[in-house]
Every structure is written in C-alpha cells, then in structure tokens.
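**Student:** Here it is, the structure, as structure tokens.
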Amino acid sequence: MVEKTEEISGQVPLDLPQKKKKEVVVFDVFEAIRQVERELEPLLASWADQDDFTSKIVNLWRTLQEICSRDEDAALAVGMIEREGKYSVKHPIDTAVICEVTLKNQDMAPDARCSVLSASLTMNIAMTQ
C-alpha cells in the first residue's frame, strides 16, 4: 500500500528523504599554532625533567608540518600578526614555520627536515628557565 503525502505550505513531504547538510570544518591555523605554543612552553620550561622530551618535540614539529601543509601562507602570517605570548616560545615556532616552508619548497623530504625543525623549536631553551 502506497500512502499519498501532501505538501504543507511549501515543505518537503515527510516520507521523502531529505538531503543532509554538509558540515563545513574550518581549520583555524592561528588557533592550531597557539595550541603548539601552549604545548611548547611547559615542555621547554621543564625539559630536563621530561623522559620523553625528544618525542614531544618530534610531535610538535610534525604538527607544524601539518599546519603548514594545510595553509603555509596563514602559518607564515601568524608570525607577523600575532603579538601576544612569550618571545621565548613564539620565536622558535615562527622560525620553525619559516624553515618548514622554505625547506619544503626546496623539495627536502619531510623527515629530512626533522633536525632543522627540532633545532628551531629548542633554540631558546635557555631563555625559558
């Protein structure tokens, strides 16, 4: 038995499947880099007490690589626009972003950029103690 449905004031009949709205996920580069700052600051402040310091630095530079791969222009802009935060934390991140973009554009493999990005992220370690 097929039931007939009526349109009520321009609405779609209830028995017809409705199109699902696509969710638009916006990646906020500025917030992503702020999160890297929030993770880097305590890491640098207590690096000697960290058993897994190296792996945490590696995770942060991989995160920065991902951020830069999504929108390198915005990642570079963060260093020019964002003024809040500690210099000892912001400067290494800004440097790492510049190094990532430059080396990527020179076709250096992602893992080959590891030492440069790790050095960038830890360059101000003495300033955080």
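Going by the structure tokens order, chains are called A, B, ..., each with residues numbered from 1, while ligands are numbered from 1 in the order shown.
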Running DSSP on the backbone, which parts of stretch 13-128 of chain A land in alpha helix (DSSP H), as a PyMOL selection string?

**Tutor:** chain A and resi 29-45+53-70+72-81+87-105+114-122

**Student:** Show which residues sit within 12 Å of stretch 97-99 of chain A, as a VMD selection string. Count only C-alpha atoms, and ignore same-chain residues fewer than 5 positions away.

**Tutor:** chain A and resid 29 33 36 60 to 69 71 to 80 90 to 92 104 to 106 108 110 112 to 121

**Student:** Please compute the atom CA of A:Phe30-atom CA of A:Ile81 distance, one decimal, in Å.

**Tutor:**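 Atom-to-atom, atom CA of A:Phe30 to atom CA of A:Ile81, that is 9.6 Å.
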
**Student:** Which one is closest to A:Pro42: A:Leu103, A:Arg83, A:Lys22, A:Ser88? Count only C-alpha atoms.

**Tutor:**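 Result for the nearest residue to A:Pro42: A:Ser88.
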
**Student:** Could you tell me how far atom CA of A:Glu82 sits from atom CA of A:Ala45, in Å to one decimal place?

**Tutor:**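 Separation of atom CA of A:Ala45 and atom CA of A:Glu82: 21.6 Å.
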
**Student:** Could you please determine the separation between atom CA of A:Tyr87 and atom CA of A:Met127 in Å, to one decimal place?

**Tutor:**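 Between these atoms lies a distance of 9.3 Å.
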